[in-house]
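Scroll down for the structure; my scribbles are underneath it.
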Amino acid sequence: MDPMTAFLLSMQAAGMVSSIFGAKSQGKFIKLGRQLEKEQFETNLQAIKLQSAEASLDEMKQLRQNIGTQIAVQAAKGNRGGVSYSGINKSSANFDSDERTRRMNLLAKESELRANNVLSGLHSLQSETQLGQSLTSTFLNSIQTTSLLKPEWFQTKSKPQQNKWVNPDNFSWGY
């Protein structure tokens, strides 16, 4: 093998090694980004649950104030029983309705976060797949596949051709 061919082959091998290490580092960054997105998902999920719980607590405090005010007003009027009980029931029913709405909103926000998390995971998988395909393509394109074929396979009926990559005198075809 002449020195120029050896040099070119070594440069090609060095390029492949560089591509492999580059792909590995890109893969690590993709995985690190995915892990960061998962942590962000968990944080956002906890944040919306906390917001919902705080809203429920605030509404509960307001309900207690309303009921206390209704009881005090009815007691000042001298009413006992039915009239104050119906006002309390109405306030309680409104709170329950609001609580159901808050719960449904919480579930909708959680579903949206989960869907975005799944899409993010799919995008990460797509990036990893494209990275692998790119590396495989680069690797396969750098191999001189024509040098692996017998020279007579390149012969045409009109004029026999010699494989320019292989010197048949110095190459063993394995038989």
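In the structure tokens, each chain is lettered A, B, ... as it comes, each chain's residues begin at 1, and ligands are numbered from 1 in order of appearance.
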
Test item: residues at most 9 Å from segment 45-58 of chain A, only C-alpha atoms, excluding those fewer than 5 positions along its chain, as number ranges by chain: A: 40, 63, 98-99, 102-103, 105-106, 109-110, 113-114

Keeping only C-alpha atoms, write those residues as a CSV table (one decimal), in the first residue's frame.
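Ended up saving to selection.csv:
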chain,number,residue,atom,x,y,z
A,40,GLN,CA,-39.8,20.4,34.4
A,63,LEU,CA,-67.4,29.8,52.5
A,98,ASP,CA,-67.0,25.5,42.3
A,99,GLU,CA,-64.9,22.7,43.7
A,102,ARG,CA,-61.7,23.5,39.9
A,103,ARG,CA,-61.1,19.7,39.9
A,105,ASN,CA,-59.8,22.3,35.3
A,106,LEU,CA,-57.0,20.7,37.3
A,109,LYS,CA,-54.3,21.0,32.9
A,110,GLU,CA,-52.7,17.7,34.0
A,113,LEU,CA,-49.0,18.6,30.7
A,114,ARG,CA,-48.9,14.8,30.2

DSSP-assigned helix (DSSP H, G or I) among segment 7-171 of chain A, expressed as a ChimeraX atom specification: /A:7-77,82-142,145-148,151-154

Contacts of Phe95 of chain A at 10 Å (only C-alpha atoms; same-chain gap of 6+ positions) as a PyMOL selection string: chain A and resi 56+59-60+62-63+89+101

All residues 12 Å or closer to segment 7-9 of chain A, only C-alpha atoms, same chain fewer than 5 positions away omitted, as a ChimeraX atom specification: /A:1-2,14-16,142-144

How would the residues just picked look written out with C-alpha atoms as a PDB file, in the first residue's frame?
ATOM      1  CA  MET A   1       0.000   0.000   0.000  1.00  0.00           C
ATOM      2  CA  ASP A   2       1.460   3.335  -0.996  1.00  0.00           C
ATOM      3  CA  ALA A  14      -9.883   9.369  12.260  1.00  0.00           C
ATOM      4  CA  GLY A  15     -12.927  11.104  10.799  1.00  0.00           C
ATOM      5  CA  MET A  16     -15.097   8.104  11.619  1.00  0.00           C
ATOM      6  CA  SER A 142     -17.202   6.248   3.958  1.00  0.00           C
ATOM      7  CA  ILE A 143     -16.618   2.563   3.189  1.00  0.00           C
ATOM      8  CA  GLN A 144     -15.455   1.895  -0.349  1.00  0.00           C
TER       9      GLN A 144
END

Separation of atom CA of Ala6 of chain A from atom CA of Ile20 of chain A, in Å and rounded to one decimal: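 We find that atom CA of Ala6 of chain A and atom CA of Ile20 of chain A lie 21.0 Å from each other.
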